[in-house]
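Chemist: This is my_file.txt, which holds compact mmCIF, C-alpha atoms:
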```txt
# COMPACT_ATOMS: atom_id res chain seq x y z
CA MET A 1 -15.87 15.21 -23.91
CA GLU A 2 -13.10 12.56 -23.99
CA LEU A 3 -12.84 12.69 -20.19
CA PHE A 4 -16.51 11.72 -19.77
CA ILE A 5 -16.25 9.05 -22.47
CA PHE A 6 -13.30 7.50 -20.63
CA LEU A 7 -14.89 7.62 -17.16
CA GLY A 8 -18.25 6.42 -18.49
CA THR A 9 -16.63 3.49 -20.32
CA LEU A 10 -14.53 2.61 -17.28
CA PHE A 11 -17.44 2.44 -14.83
CA PHE A 12 -19.76 0.81 -17.37
CA PHE A 13 -17.48 -2.20 -17.85
CA LEU A 14 -16.54 -2.36 -14.15
CA ALA A 15 -20.26 -2.65 -13.32
CA PHE A 16 -20.34 -5.99 -15.18
CA GLY A 17 -17.57 -7.41 -13.00
CA ILE A 18 -15.09 -7.68 -15.89
CA PRO A 19 -11.45 -8.09 -14.71
CA ILE A 20 -9.71 -4.73 -14.51
CA CYS A 21 -7.01 -5.59 -17.07
CA LEU A 22 -9.70 -6.36 -19.68
CA VAL A 23 -11.64 -3.24 -18.72
CA LEU A 24 -8.55 -1.13 -19.40
CA VAL A 25 -8.06 -2.73 -22.83
CA LEU A 26 -11.72 -2.08 -23.65
CA CYS A 27 -11.34 1.57 -22.53
CA ALA A 28 -8.30 1.89 -24.80
CA MET A 29 -10.29 0.45 -27.70
CA VAL A 30 -13.19 2.88 -27.14
CA LEU A 31 -10.80 5.86 -26.98
CA MET A 32 -8.99 4.59 -30.09
CA TRP A 33 -12.30 4.32 -31.98
CA HIS A 34 -13.40 7.78 -30.78
CA SER A 35 -10.11 9.38 -31.86
CA GLY A 36 -10.29 7.76 -35.30
CA MET A 37 -6.85 6.18 -34.89
CA TRP A 38 -7.89 2.57 -35.38
CA ASP A 39 -4.68 0.52 -35.58
CA ALA A 40 -4.43 -3.02 -34.24
CA MET A 41 -0.76 -2.56 -33.26
CA ILE A 42 -1.10 0.54 -31.04
CA ILE A 43 -2.48 -1.25 -27.97
CA PRO A 44 -0.02 -4.21 -27.89
CA GLY A 45 2.86 -1.85 -28.67
CA SER A 46 1.88 0.44 -25.78
CA MET A 47 1.50 -2.54 -23.45
CA LEU A 48 4.99 -3.74 -24.31
CA ASP A 49 6.45 -0.27 -23.75
CA GLY A 50 4.66 0.01 -20.39
CA ALA A 51 6.05 -3.25 -19.06
CA ASN A 52 9.56 -2.53 -20.40
CA ASN A 53 10.42 -0.09 -17.61
CA TYR A 54 13.58 -0.51 -15.50
CA PRO A 55 12.21 0.83 -12.16
CA LEU A 56 9.39 -1.73 -12.37
CA MET A 57 11.99 -4.51 -12.02
CA ALA A 58 11.90 -3.75 -8.28
CA ILE A 59 8.34 -5.09 -8.05
CA PRO A 60 9.08 -8.81 -8.72
CA PHE A 61 12.04 -8.63 -6.31
CA PHE A 62 9.98 -7.16 -3.47
CA VAL A 63 7.04 -9.49 -4.18
CA PHE A 64 9.44 -12.47 -4.11
CA ALA A 65 11.02 -11.24 -0.86
CA GLY A 66 7.59 -10.78 0.71
CA GLU A 67 6.46 -14.28 -0.23
CA ILE A 68 9.66 -15.77 1.20
CA MET A 69 9.27 -13.87 4.47
CA ALA A 70 5.63 -14.88 4.83
CA ALA A 71 6.45 -18.56 4.26
CA GLY A 72 9.86 -18.70 5.95
CA GLY A 73 9.15 -17.64 9.51
CA LEU A 74 9.93 -13.92 9.48
CA SER A 75 6.28 -12.87 9.88
CA LYS A 76 5.91 -15.12 12.95
CA ARG A 77 8.96 -13.54 14.57
CA VAL A 78 7.77 -10.02 13.75
CA VAL A 79 4.52 -10.76 15.59
CA GLN A 80 6.45 -12.14 18.60
CA LEU A 81 8.64 -9.01 18.65
CA ALA A 82 5.53 -6.79 18.56
CA GLN A 83 4.01 -8.78 21.42
CA LEU A 84 7.21 -8.38 23.42
CA MET A 85 7.27 -4.62 22.78
CA ILE A 86 3.70 -3.80 23.81
CA GLY A 87 1.87 -6.99 24.77
CA ARG A 88 1.98 -6.25 28.51
CA VAL A 89 -0.55 -3.44 28.06
CA ARG A 90 -4.25 -4.23 28.49
CA GLY A 91 -5.57 -5.38 25.11
CA GLY A 92 -2.00 -6.14 24.14
CA LEU A 93 -2.78 -8.32 21.11
CA GLY A 94 -4.51 -5.42 19.36
CA TYR A 95 -1.61 -3.06 20.00
CA ALA A 96 0.79 -5.80 18.89
CA ALA A 97 -1.21 -6.16 15.65
CA VAL A 98 -0.64 -2.46 14.84
CA VAL A 99 3.07 -2.58 15.78
CA ALA A 100 3.49 -5.73 13.69
CA SER A 101 1.75 -3.94 10.79
CA ILE A 102 4.29 -1.10 10.99
CA ILE A 103 7.25 -3.49 11.06
CA PHE A 104 5.81 -5.81 8.43
CA ALA A 105 5.10 -2.86 6.11
CA GLY A 106 8.87 -2.31 6.11
CA LEU A 107 9.37 -5.92 5.06
CA MET A 108 6.70 -6.48 2.40
CA GLY A 109 5.26 -3.19 1.13
CA SER A 110 1.91 -4.72 0.16
CA SER A 111 -1.42 -4.25 1.93
CA VAL A 112 -2.93 -7.54 0.74
CA GLY A 113 0.21 -9.56 1.57
CA GLU A 114 0.44 -7.91 4.98
CA ALA A 115 -3.22 -8.61 5.79
CA ALA A 116 -2.85 -12.25 4.72
CA ALA A 117 0.36 -12.87 6.68
CA LEU A 118 -0.64 -11.12 9.91
CA GLY A 119 -4.26 -12.23 9.73
CA GLY A 120 -3.26 -15.87 9.49
CA LEU A 121 -1.09 -15.53 12.60
CA LEU A 122 -3.03 -13.11 14.79
CA LEU A 123 -6.73 -13.73 14.12
CA PRO A 124 -6.78 -17.22 15.72
CA MET A 125 -4.87 -15.87 18.76
CA MET A 126 -7.23 -12.90 19.12
CA LYS A 127 -10.33 -15.05 18.90
CA GLU A 128 -8.86 -17.47 21.44
CA VAL A 129 -8.58 -14.75 24.12
CA GLY A 130 -12.13 -13.54 23.51
CA TYR A 131 -11.88 -10.75 20.93
CA LYS A 132 -14.98 -10.20 18.80
CA PRO A 133 -14.19 -11.53 15.30
CA GLY A 134 -15.19 -8.23 13.69
CA ARG A 135 -12.97 -6.21 16.04
CA ALA A 136 -10.01 -8.51 15.51
CA GLY A 137 -10.42 -8.37 11.75
CA ALA A 138 -10.85 -4.58 11.81
CA VAL A 139 -7.55 -3.88 13.54
CA ILE A 140 -5.71 -6.23 11.14
CA ALA A 141 -7.35 -4.67 8.06
CA SER A 142 -6.81 -1.08 9.20
CA GLY A 143 -3.12 -1.74 9.83
CA ALA A 144 -2.74 -3.21 6.33
CA ILE A 145 -2.97 0.23 4.70
CA LEU A 146 0.48 0.97 6.14
CA GLY A 147 1.91 -1.40 3.52
CA PRO A 148 1.47 1.11 0.65
CA ILE A 149 2.82 4.02 2.78
CA ILE A 150 5.83 2.74 4.74
CA PRO A 151 8.79 1.86 2.49
CA PRO A 152 9.57 -0.27 0.60
CA SER A 153 6.18 0.29 -1.03
CA THR A 154 5.52 -1.30 -4.41
CA ASN A 155 2.87 1.39 -4.94
CA PHE A 156 5.46 4.18 -4.60
CA ILE A 157 7.59 2.25 -7.11
CA LEU A 158 4.64 2.23 -9.53
CA LEU A 159 4.08 5.94 -8.97
CA GLY A 160 7.74 6.74 -9.57
CA ALA A 161 7.78 4.61 -12.72
CA THR A 162 4.55 6.18 -14.01
CA ILE A 163 5.65 9.81 -13.59
CA SER A 164 9.12 10.39 -15.00
CA GLY A 165 11.37 12.64 -12.95
CA LEU A 166 10.17 11.49 -9.53
CA SER A 167 12.79 9.90 -7.27
CA ILE A 168 11.59 6.59 -5.84
CA THR A 169 14.03 7.08 -2.95
CA LYS A 170 12.34 10.37 -1.98
CA LEU A 171 8.90 8.77 -2.38
CA PHE A 172 10.02 6.03 0.00
CA MET A 173 11.31 8.52 2.56
CA ILE A 174 8.24 10.78 2.56
CA GLY A 175 6.05 7.82 3.55
CA LEU A 176 8.07 6.70 6.57
CA VAL A 177 7.10 9.21 9.29
CA PRO A 178 3.43 9.67 8.22
CA GLY A 179 3.08 5.87 8.17
CA ILE A 180 4.31 5.64 11.76
CA LEU A 181 1.98 8.50 12.78
CA ILE A 182 -1.00 6.67 11.27
CA GLY A 183 0.02 3.54 13.20
CA LEU A 184 0.07 5.56 16.44
CA ALA A 185 -3.37 6.99 15.61
CA LEU A 186 -4.72 3.44 15.16
CA MET A 187 -3.36 2.58 18.63
CA VAL A 188 -5.31 5.52 20.07
CA VAL A 189 -8.50 4.11 18.51
CA TRP A 190 -7.67 0.68 19.93
CA PHE A 191 -7.21 2.26 23.40
CA PHE A 192 -10.88 3.27 23.39
CA VAL A 193 -12.04 0.01 21.76
CA VAL A 194 -10.37 -1.99 24.54
CA ARG A 195 -12.27 -0.06 27.21
CA LYS A 196 -15.57 -0.18 25.32
CA ASP A 197 -15.41 -3.94 24.72
CA GLY A 198 -13.83 -4.78 28.10
CA TYR A 199 -10.73 -6.62 26.87
CA ASN A 200 -8.29 -7.36 29.71
CA GLU A 201 -5.76 -9.78 28.29
CA THR A 202 -2.04 -9.09 28.53
CA ILE A 203 0.98 -10.99 27.21
CA THR A 204 3.96 -11.73 29.41
CA PHE A 205 7.21 -13.58 28.75
CA THR A 206 9.90 -15.07 30.95
CA ARG A 207 13.43 -13.68 30.77
CA GLU A 208 14.56 -16.64 28.69
CA GLU A 209 11.63 -16.19 26.26
CA LYS A 210 12.43 -12.47 25.90
CA TRP A 211 16.04 -13.15 24.96
CA LYS A 212 15.01 -15.89 22.51
CA ILE A 213 12.49 -13.56 20.82
CA LEU A 214 15.04 -10.74 20.59
CA ILE A 215 17.70 -12.98 19.09
CA ASP A 216 15.25 -14.67 16.71
CA SER A 217 13.64 -11.44 15.53
CA THR A 218 16.84 -9.44 15.01
CA PRO A 219 17.34 -10.59 11.37
CA ALA A 220 13.71 -9.68 10.59
CA PHE A 221 14.04 -6.25 12.24
CA LEU A 222 17.39 -5.55 10.56
CA MET A 223 16.06 -6.14 7.07
CA PRO A 224 14.09 -2.84 6.65
CA VAL A 225 16.88 -0.95 8.47
CA LEU A 226 19.54 -2.25 6.06
CA LEU A 227 17.26 -1.83 3.05
CA LEU A 228 16.23 1.77 3.75
CA GLY A 229 19.72 2.70 4.91
CA GLY A 230 21.21 1.28 1.72
CA ILE A 231 18.74 3.15 -0.49
CA ARG A 232 19.02 6.41 1.46
CA PHE A 233 22.83 6.51 1.45
CA GLY A 234 23.16 5.44 -2.17
CA VAL A 235 24.61 1.98 -1.57
CA PHE A 236 22.05 0.65 -4.04
CA THR A 237 19.07 1.92 -6.04
CA PRO A 238 15.49 0.93 -5.10
CA THR A 239 15.59 -1.72 -7.86
CA GLU A 240 18.86 -3.12 -6.55
CA GLY A 241 17.37 -2.85 -3.06
CA GLY A 242 14.61 -5.22 -4.16
CA ALA A 243 17.24 -7.76 -5.24
CA PHE A 244 19.02 -7.27 -1.89
CA ALA A 245 15.73 -7.87 -0.03
CA ALA A 246 15.09 -11.11 -1.95
CA ILE A 247 18.62 -12.45 -1.34
CA TYR A 248 18.50 -11.41 2.33
CA ALA A 249 15.14 -13.17 2.78
CA ILE A 250 16.49 -16.37 1.18
CA VAL A 251 19.62 -16.39 3.37
CA VAL A 252 17.67 -15.76 6.59
CA CYS A 253 14.72 -18.08 5.96
CA VAL A 254 16.58 -20.96 4.26
CA LEU A 255 19.97 -20.91 5.97
CA TYR A 256 19.42 -19.15 9.34
CA TYR A 257 15.88 -20.06 10.43
CA ARG A 258 15.86 -23.21 8.26
CA GLU A 259 12.08 -23.07 7.99
CA LEU A 260 12.04 -22.98 4.20
CA SER A 261 13.41 -25.88 2.17
CA PHE A 262 14.63 -25.51 -1.40
CA ARG A 263 11.54 -27.43 -2.60
CA GLU A 264 9.28 -24.96 -0.76
CA LEU A 265 11.35 -22.10 -2.18
CA LEU A 266 10.33 -23.24 -5.67
CA ARG A 267 6.64 -23.13 -4.65
CA VAL A 268 7.14 -19.64 -3.20
CA SER A 269 8.82 -18.58 -6.44
CA ALA A 270 5.80 -19.80 -8.41
CA ARG A 271 3.40 -17.80 -6.19
CA ALA A 272 5.57 -14.69 -6.53
CA ALA A 273 5.67 -15.14 -10.32
CA THR A 274 1.87 -15.39 -10.43
CA THR A 275 1.43 -12.23 -8.33
CA THR A 276 3.99 -10.34 -10.40
CA SER A 277 2.37 -11.38 -13.68
CA VAL A 278 -0.99 -10.04 -12.51
CA VAL A 279 0.55 -6.69 -11.49
CA MET A 280 2.55 -6.37 -14.71
CA LEU A 281 -0.48 -7.21 -16.87
CA ILE A 282 -2.37 -4.37 -15.17
CA VAL A 283 0.65 -2.09 -15.68
CA ALA A 284 0.78 -2.98 -19.38
CA THR A 285 -2.94 -2.47 -20.04
CA ALA A 286 -3.00 0.75 -17.98
CA THR A 287 -0.11 2.06 -20.09
CA ALA A 288 -2.12 1.36 -23.24
CA VAL A 289 -5.15 3.29 -22.00
CA GLY A 290 -2.78 5.97 -20.67
CA TRP A 291 -1.38 6.48 -24.19
CA PHE A 292 -4.86 7.25 -25.50
CA ILE A 293 -5.62 9.42 -22.46
CA THR A 294 -2.61 11.55 -23.40
CA ILE A 295 -3.51 11.63 -27.11
CA ALA A 296 -7.07 12.65 -26.22
CA GLN A 297 -5.63 15.47 -24.05
CA ILE A 298 -7.61 14.33 -21.00
CA PRO A 299 -4.95 15.76 -18.61
CA ASN A 300 -5.50 19.15 -20.28
CA GLN A 301 -9.24 18.75 -19.85
CA MET A 302 -8.75 17.96 -16.15
CA THR A 303 -6.55 21.07 -15.84
CA ALA A 304 -9.27 23.16 -17.47
CA LEU A 305 -11.93 21.62 -15.22
CA PHE A 306 -9.98 22.41 -12.05
CA SER A 307 -8.41 25.64 -13.32
CA PRO A 308 -10.55 27.89 -11.05
CA LEU A 309 -8.89 26.16 -8.07
CA ILE A 310 -5.26 26.37 -9.21
CA ASP A 311 -4.69 29.55 -7.19
CA SER A 312 -5.92 27.78 -4.05
CA PRO A 313 -3.73 24.64 -3.65
CA ILE A 314 -5.47 23.43 -0.47
CA LEU A 315 -8.93 23.62 -2.05
CA LEU A 316 -7.59 21.95 -5.20
CA LEU A 317 -6.07 19.10 -3.15
CA LEU A 318 -9.32 18.78 -1.21
CA CYS A 319 -11.35 18.32 -4.41
CA ILE A 320 -8.82 15.87 -5.89
CA ASN A 321 -8.80 13.83 -2.68
CA VAL A 322 -12.60 13.62 -2.59
CA PHE A 323 -12.49 12.33 -6.17
CA LEU A 324 -9.74 9.82 -5.33
CA PHE A 325 -11.58 8.60 -2.23
CA LEU A 326 -14.69 7.88 -4.30
CA ILE A 327 -12.73 6.23 -7.12
CA GLY A 328 -10.78 4.17 -4.56
CA MET A 329 -14.04 2.65 -3.33
CA VAL A 330 -14.76 1.06 -6.70
CA MET A 331 -11.32 0.32 -8.19
CA ASP A 332 -8.14 -1.19 -6.77
CA LEU A 333 -5.03 0.78 -5.90
CA THR A 334 -2.71 -0.31 -8.72
CA PRO A 335 -4.87 0.69 -11.73
CA ASN A 336 -5.84 3.93 -9.98
CA ILE A 337 -2.16 4.89 -9.68
CA LEU A 338 -1.42 4.06 -13.31
CA ILE A 339 -4.47 5.86 -14.70
CA PHE A 340 -4.93 8.94 -12.54
CA ALA A 341 -1.38 9.88 -11.50
CA PRO A 342 -0.49 11.08 -15.04
CA VAL A 343 -3.85 12.85 -15.25
CA PHE A 344 -3.43 14.88 -12.05
CA TYR A 345 0.34 15.42 -12.16
CA PRO A 346 0.27 18.32 -14.69
CA LEU A 347 -2.46 19.95 -12.61
CA ILE A 348 -0.57 19.88 -9.31
CA THR A 349 2.62 21.00 -11.08
CA GLN A 350 0.81 24.03 -12.46
CA ALA A 351 -0.55 24.78 -8.96
CA GLY A 352 2.98 24.68 -7.50
CA ILE A 353 2.27 21.71 -5.19
CA ASP A 354 5.26 19.59 -4.14
CA PRO A 355 5.00 16.37 -6.21
CA TYR A 356 6.30 14.14 -3.40
CA TYR A 357 3.80 15.60 -0.94
CA PHE A 358 1.04 14.99 -3.51
CA GLY A 359 2.35 11.46 -4.06
CA LEU A 360 2.01 10.73 -0.34
CA LEU A 361 -1.59 12.01 -0.22
CA PHE A 362 -2.36 10.16 -3.46
CA ILE A 363 -1.13 6.77 -2.22
CA LEU A 364 -2.58 7.18 1.30
CA ASN A 365 -6.00 8.11 -0.07
CA LEU A 366 -6.10 5.19 -2.49
CA GLY A 367 -4.63 2.96 0.25
CA ILE A 368 -7.69 3.66 2.39
CA GLY A 369 -9.69 2.40 -0.57
CA VAL A 370 -8.40 -1.16 -0.05
CA ILE A 371 -10.44 -1.33 3.20
CA THR A 372 -13.58 0.43 1.97
CA PRO A 373 -16.49 -1.40 0.31
CA PRO A 374 -17.53 -2.48 -2.22
CA VAL A 375 -14.16 -3.37 -3.82
CA GLY A 376 -11.81 -3.26 -0.81
CA THR A 377 -9.50 -6.21 -1.54
CA VAL A 378 -8.16 -6.37 2.03
CA LEU A 379 -11.71 -6.77 3.37
CA TYR A 380 -12.20 -10.01 1.48
CA VAL A 381 -8.74 -11.32 2.42
CA VAL A 382 -9.41 -10.77 6.14
CA CYS A 383 -12.95 -12.18 5.91
CA GLY A 384 -11.67 -15.29 4.15
CA ILE A 385 -8.85 -15.92 6.62
CA GLY A 386 -10.90 -15.20 9.76
CA ASN A 387 -14.24 -16.59 8.55
CA ILE A 388 -15.81 -13.19 9.33
CA LYS A 389 -18.98 -11.80 7.75
CA ILE A 390 -18.24 -8.82 5.54
CA THR A 391 -20.98 -6.70 7.16
CA GLN A 392 -19.58 -7.46 10.61
CA LEU A 393 -16.07 -6.46 9.54
CA ILE A 394 -17.19 -3.21 7.87
CA ARG A 395 -19.23 -2.16 10.93
CA ASN A 396 -16.22 -2.61 13.22
CA LEU A 397 -13.88 -0.89 10.75
CA VAL A 398 -15.74 2.44 10.84
CA PRO A 399 -13.76 4.09 13.71
CA PHE A 400 -10.44 2.96 12.20
CA ILE A 401 -11.35 4.30 8.74
CA LEU A 402 -12.50 7.58 10.26
CA VAL A 403 -9.19 8.13 12.07
CA GLU A 404 -7.26 7.30 8.88
CA VAL A 405 -9.33 9.85 6.96
CA VAL A 406 -8.64 12.38 9.73
CA MET A 407 -4.91 11.68 9.38
CA LEU A 408 -5.21 12.15 5.61
CA PHE A 409 -6.73 15.59 6.10
CA LEU A 410 -4.20 16.53 8.78
CA LEU A 411 -1.44 15.79 6.28
CA LEU A 412 -3.37 17.73 3.63
CA PHE A 413 -3.83 20.87 5.75
CA PHE A 414 -0.40 20.68 7.41
CA PRO A 415 2.12 19.74 4.67
CA LYS A 416 5.07 20.23 7.02
CA LEU A 417 4.08 17.03 8.88
CA SER A 418 5.49 15.14 5.89
CA LEU A 419 7.83 17.63 4.20
CA ILE A 420 9.97 18.44 7.28
CA PRO A 421 10.68 14.73 8.01
CA LEU A 422 11.43 14.21 4.31
CA ASP A 423 13.93 17.08 4.34
CA TRP A 424 15.55 15.68 7.47
CA LEU A 425 15.73 12.11 6.16
CA MET A 426 17.20 13.29 2.84
CA GLY A 427 19.75 15.50 4.59
CA GLY A 428 18.30 18.69 3.15
CA LYS A 429 18.51 17.44 -0.46
```
Written as structure tokens, that's how I'd like the structure from this file.
Modeler:
Amino acid sequence: MELFIFLGTLFFFLAFGIPICLVLVLCAMVLMWHSGMWDAMIIPGSMLDGANNYPLMAIPFFVFAGEIMAAGGLSKRVVQLAQLMIGRVRGGLGYAAVVASIIFAGLMGSSVGEAAALGGLLLPMMKEVGYKPGRAGAVIASGAILGPIIPPSTNFILLGATISGLSITKLFMIGLVPGILIGLALMVVWFFVVRKDGYNETITFTREEKWKILIDSTPAFLMPVLLLGGIRFGVFTPTEGGAFAAIYAIVVCVLYYRELSFRELLRVSARAATTTSVVMLIVATATAVGWFITIAQIPNQMTALFSPLIDSPILLLLCINVFLFLIGMVMDLTPNILIFAPVFYPLITQAGIDPYYFGLLFILNLGIGVITPPVGTVLYVVCGIGNIKITQLIRNLVPFILVEVVMLFLLLFFPKLSLIPLDWLMGGK
């Protein structure tokens, strides 16, 4: 009963366009009234406890680092490096967009930030050489889902902070190889798009330009290598890695590239603070509703609902992923993680499913939601930057979404595609 009250309340308030943080507070109030535990201090106390979580300190650091890199010239050099790597192929700008998405995911870890940074750089260039606006926007948007998968992912940090006992380092590592595989699959789609639309442009550089790009882009390329290497080998924790990323970005953009002044750094800090405050407000309100979800024994109700499938892990995962795909279409990634991860975690534990493998499927599935209507946040970012009609973008996104869904189900039916690389990256730990 409580499960249907919660879901009904959630979708009822979302239908009115109320901001998600307020919706979550209202859901908590409804559950509090239903449980007969009316106490004005429970919700603010739970919100404070939710935000007071050490692993979540990594989020402001990574958000700050991402804002610095977007404003300080790193994103421009990542795009140039991607063009150098694959731009000579027919339709090179599209391939370069996917390669840049893979690299940039290792710098920022945010789908919206990645779409904004790469869209602002690549969409004008793609339109200039004759790409259809919808096609250009589609390849940028589809690549943006790599942000939540390839480390350092703020969404994996949220997942690790939400479910105690999960190692954020292992969550980072399990996303690396599948993220690259999804990027390669997007390039295969682009191969056929290029031939269908008749794109013939290539990008060439002189020897001097190649060396300049390589030298200029080396600090940008080294950042994810040093960050992941440091986390993997225990030099620093993911939270300390976020601080390292922020300091590294400041040194490179302010002192090495010299494209970011100290005055501009203050403006970047303000933007990062705004973004972080929005995320942390959602975290706090989701924790409040999560407290009542636990008190109402909704996870137990979900376990009872799916109990006939516990002996068949693949079928159980299939049903959960269908549910997540539908919920991802109407609600953003962050609140979905905070609300539904604690609900499903006891269920997959009882079914004997590897929690890191489930975490990968969970984040990938909800990541696809950021490019599916009607609430796909990346869609509106790309449309705003490229002045593209939403219907035009969605129509051109269909083949890219389909291949991402295919990759999701490949990972679902063949767990070793993610678990073997994780074991190798963690040295058998």
Chemist: Under the rule that only C-alpha atoms are counted, which of A:Phe64, A:Phe13, A:Tyr54, A:Phe400 is the nearest residue to Phe191 in chain A?
Modeler: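 Selected residue with least distance to Phe191 in chain A: A:Phe400.
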Chemist: Which residues are close to range 219-233 of chain A, i.e. within 8 Å by only C-alpha atoms, leaving aside same-chain residues fewer than 3 positions away? Reply as a ChimeraX atom specification.
Modeler: /A:74,77-78,103,106-107,151-152,169,216,236-238,241,244-245,248,252,426
Chemist: Just the number, please: distance in Å from CA of Phe6 in chain A to CA of Pro355 in chain A, one decimal.
Modeler: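 That distance, rounded to one decimal, is 24.9 Å.
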Chemist: Between CA of Asp423 in chain A and CA of Leu176 in chain A, what distance in Å does the model show, to one decimal?
Modeler: 12.1 Å
Chemist: What is the distance between CA of Ala51 in chain A and CA of Phe358 in chain A, in Å to one decimal?
Modeler: 24.5 Å
Chemist: Might you pull out every residue within 12 Å of Ile168 in chain A, with all atoms listed in the file counted and same-chain residues fewer than 2 positions away left off, and present them as an NGL selection string?
Modeler: :A and (55-56 or 58 or 151-166 or 170-175 or 228 or 231-232 or 237-239 or 241 or 355-356 or 359-360)
Chemist: With all atoms listed in the file as the basis for distance, which of A:Pro373, A:Pro313, A:Gly290, A:Gly367 is at the shortest distance from Val343 in chain A?
Modeler: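 Looking at the shortest contact to Val343 in chain A, the residue is A:Gly290.
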Chemist: I'd like the box whose edges run along x, y and z of the file and which contains every listed atom of range 282-288 of chain A, padded by 3 Å per side; could you state its centre and edge lengths in Å, one decimal, as JSON?
Modeler:
```
{"center_x": -1.1, "center_y": -1.2, "center_z": -19.2, "size_x": 9.8, "size_y": 12.4, "size_z": 14.1}
```
Chemist: Please determine the residues with any atom at most 7 Å from (-12.2, -2.8, 11.0) (coordinates as given in the file, with all atoms listed in the file counting) and report them as a short mmCIF file (atom, residue, chain, number, x, y, z; two decimals) with C-alpha atoms, in the coordinates of the input.
Modeler:
```
data_model
loop_
_atom_site.label_atom_id
_atom_site.label_comp_id
_atom_site.auth_asym_id
_atom_site.auth_seq_id
_atom_site.Cartn_x
_atom_site.Cartn_y
_atom_site.Cartn_z
CA GLY A 134 -15.19 -8.23 13.69
CA ARG A 135 -12.97 -6.21 16.04
CA GLY A 137 -10.42 -8.37 11.75
CA ALA A 138 -10.85 -4.58 11.81
CA VAL A 139 -7.55 -3.88 13.54
CA ALA A 141 -7.35 -4.67 8.06
CA SER A 142 -6.81 -1.08 9.20
CA LEU A 393 -16.07 -6.46 9.54
CA ILE A 394 -17.19 -3.21 7.87
CA ASN A 396 -16.22 -2.61 13.22
CA LEU A 397 -13.88 -0.89 10.75
CA VAL A 398 -15.74 2.44 10.84
CA PHE A 400 -10.44 2.96 12.20
#
```
Chemist: Tell me which protein, DNA and RNA residues are within 10 Å of Ala105 in chain A, counting all atoms listed in the file, leaving out same-chain ones fewer than 2 positions away, and put them as a count of residues only.
Modeler: 26
Chemist: Leaving out range 315-324 of chain A and any residue of its chain fewer than 2 positions from it, which residues lie within 8 Å of it when counting all atoms listed in the file, given as a ChimeraX atom specification?
Modeler: /A:306,309-310,312-313,326-328,361-362,365-366,412
Chemist: Measuring atom to atom with all atoms listed in the file, identify which of A:Ile368, A:Leu24, A:Ala272, A:Ile337 is nearest to Leu402 in chain A.
Modeler: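 Closest residue, counting all atoms listed in the file: A:Ile368.
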Chemist: Mind checking which residues fall within 9 Å of Phe344 in chain A, counting all atoms listed in the file, ignoring those fewer than 2 positions away in the same chain, and posting them as JSON, numbers by chain?
Modeler: {"A": [299, 302, 303, 320, 340, 341, 342, 346, 347, 348, 349]}
Chemist: My list of candidates is A:Thr372, A:Thr377, A:Thr202, A:Asn300. Which is closest to Asp332 in chain A when distances are computed with all atoms listed in the file?
Modeler: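 Result for the nearest residue to Asp332 in chain A: A:Thr377.
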Chemist: Using only C-alpha atoms, which of A:Ala270, A:Tyr95, A:Ile42, A:Val25 sits nearest Ala185 in chain A?
Modeler: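 Looking only at the distances to Ala185 in chain A, the closest residue turns out to be A:Tyr95.
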